[in-house]
Amino acid sequence: MQIYDTERRAKREFTPREPGKVAMYVCGPTVYDQIHIGNGRTFVAFDAIRRYLEWTGLDVTFVQNLTDVDDKIINRAAEEGRSAAEVASDYTAAFREQMVRMGVEPPTVQPKATEEIPQMIELIEELVEKGHAYATAEGDVYFSVSSCPTYGEVSGRRVEDLLAGARVEVDEAKRESADFALWKAAKPGEPSWESPWGLGRPGWHTECVAMAKRYLGVPIDIHGGGSDLVFPHHENENAQAEAAWGTPLARLWMHSGMLRVDGEKMSKSLGNFHTLKDVLDRYPADALRLLVLQTHYRSPLDFSFERLEGARGAWERMKNTVSALLWAARDDASGHTEPRAGGVPEGEPGSAEEPTAVLASAVAEARAEFSRSMEDDFNTAGALGALFTLATRANTYLAEVADGAEPNVAREAADALVELFGVLGINVAPEKAALPAELVSLAAELADYAGSSAAEAADALIAARAKARAARDWARADAIRDRIAGLGLAVEDTPTGSRVVAREG
Ligand SMILES: [Zn+2]
């Protein structure tokens, strides 16, 4: 598997530090407002990456912090006349809600900055002791950038360039302009914690380092985030790990590209700013995920509602194709014959042998191309392209063979589409309606069923029908099927058994 590493500015073979396991950390949001669709893009991109790694059998531990103490939260609280903790708690809930709606898998661990203060103080103390950080008379603590020879490696910047030209503002007590705050002395009324340097709170760059160490151990396998985090955030994170523990924070750095709206940078002043919530209130999450993943995660993503509309159309066509394939796989639709065993009947007029073989190889090709694309730095655009091609070939097949589709190959094609779109967190399976309660009385009448569960009633009816068929009592088997159909349901026969399903459409 090849992954592009920001630090080396090249793709390289990914080998986890421990075989079979991946330690992954993606910087989370500062919880002071609804997140915007640019953040949404980042979290969907890394969710697809995580899901793919898991699908290949790797055991992924995924850590994501919540920054719940920060200037932005304190300012927001002052504006709204409430506490910073209330603001943080509201927007933590809002963030989690949008992630659930977006189909993003919850992190394995999701620590909050305010609950990790002792670990951060410990790290800062270690940096001070080793001469990489210094406290000021005001009770701030700064990291000394010039004390860290590897500073600049993640972002590809040179310390000399960072130091040249910039000058320290007179009101700042730091020694050099590039030094950054590890600990900030509390101003009156701000949330604060006791520390060796007096009351204060941690700087943002320290959070992830302390949490990555605590929950994953360093160096972690993959550290990810939006490309706006490369400098200074990730550079500053890495410097602390190098200075405190003599190790890089991460073995590999991944960054997702920025999002533009209608070809422009998204900003409130341009009036093209969209929160993830606003977009999910108007469009299905699957359509938005499809739009996001049709662009490689490192490339800039062009968002527009026109493109989102297009993605919704494409997603609906995928679902229609899967439904049509599943319908074709249901041999029961064409009469009361025994379910056909696998393979194609030979010598029948209009034999579907050739198109069937073509579709079977299309399924194999799509699976291979999907994996090939994902193994190449998570090329989701290429992977999706392979699935669209399979859908097109499946539609061609269904049109060509009319009613004569071979059930097994139709099911294989449907299964491949559902499974592989699912790896990217996009659901193209037909919606399964809940089974109606009327099944219970029908099963009581036809199958001596005495319980009250619709699902069990369905199983009892399937068993009664199978028994009738085994006894070659076609009239009774048909009667059971017809009565089930009378409830708006269908009996679906699959290689692994039969089931009652809601009819699509
Ligand atoms: Zn971070």
# chains A, B, ... in the order shown; residues from 1 in each chain; ligands from 1

$ residues_around --residues "stretch 194-197 of chain A" --least-positions-apart "2" --cutoff "7 Å" --atoms "only C-alpha atoms" --output "PDB file with C-alpha atoms, in the first residue's frame"
ATOM      1  CA  ILE A 121       1.500  19.747  32.141  1.00  0.00           C
ATOM      2  CA  GLY A 139       3.332  32.719  33.664  1.00  0.00           C
ATOM      3  CA  SER A 192      -7.924  27.915  34.152  1.00  0.00           C
ATOM      4  CA  LEU A 199      -3.168  29.398  36.820  1.00  0.00           C
ATOM      5  CA  GLY A 200      -3.528  28.943  33.107  1.00  0.00           C
TER       6      GLY A 200
END

$ residues_near_ligand --ligand "ligand 1" --cutoff "10 Å" --atoms "only C-alpha atoms and all ligand atoms" --output "PyMOL selection string"
chain A and resi 25-29+64-67+204-209+211-212+223-225+229-230+233-238

$ residues_around --residues "stretch 420-426 of chain A" --least-positions-apart "2" --cutoff "7 Å" --atoms "only C-alpha atoms" --output "MDAnalysis selection string"
chainID A and resid 48 51:52 55 103 286 289 416:418 428

$ residues_around --residues "stretch 315-331 of chain A" --least-positions-apart "5" --cutoff "9 Å" --atoms "only C-alpha atoms" --output "number ranges by chain"
A: 286-287, 290, 310, 336-340, 388, 391-392, 394-395, 398, 403-415, 417-418, 426-430, 491-494, 504

$ closest_residue --among "A:Gly486, A:Gly20, A:Gly246, A:Pro107" --to "A:Asp47" --atoms "only C-alpha atoms"
A:Pro107

$ atom_distance --atom1 "atom CA of A:Ala471" --atom2 "atom CA of A:Ser453"
27.0 Å

$ closest_residue --among "A:Glu353, A:Glu18, A:Glu190, A:Asp377" --to "A:Ile3" --atoms "only C-alpha atoms"
A:Asp377

$ residues_around --residues "A:Thr92" --least-positions-apart "3" --cutoff "10 Å" --atoms "only C-alpha atoms" --output "list in words"
Pro29, Thr30, Val31, Tyr32, Asp33, Gln34, Leu66, Thr67, Asp68, Glu86, Val87, Ala88, Ser89, Phe95, Arg96, Glu97 and Lys112 of chain A

$ closest_residue --among "A:Arg393, A:Arg481, A:Arg12, A:Arg17" --to "A:Val218" --atoms "only C-alpha atoms"
A:Arg17

$ closest_residue --among "A:Ala490, A:Phe143, A:Phe370, A:Met99" --to "A:Ala383" --atoms "only C-alpha atoms"
A:Phe370

$ select_by_dssp --residues "stretch 97-150 of chain A" --states "strand (DSSP E)" --output "ChimeraX atom specification"
/A:133-135,141-143
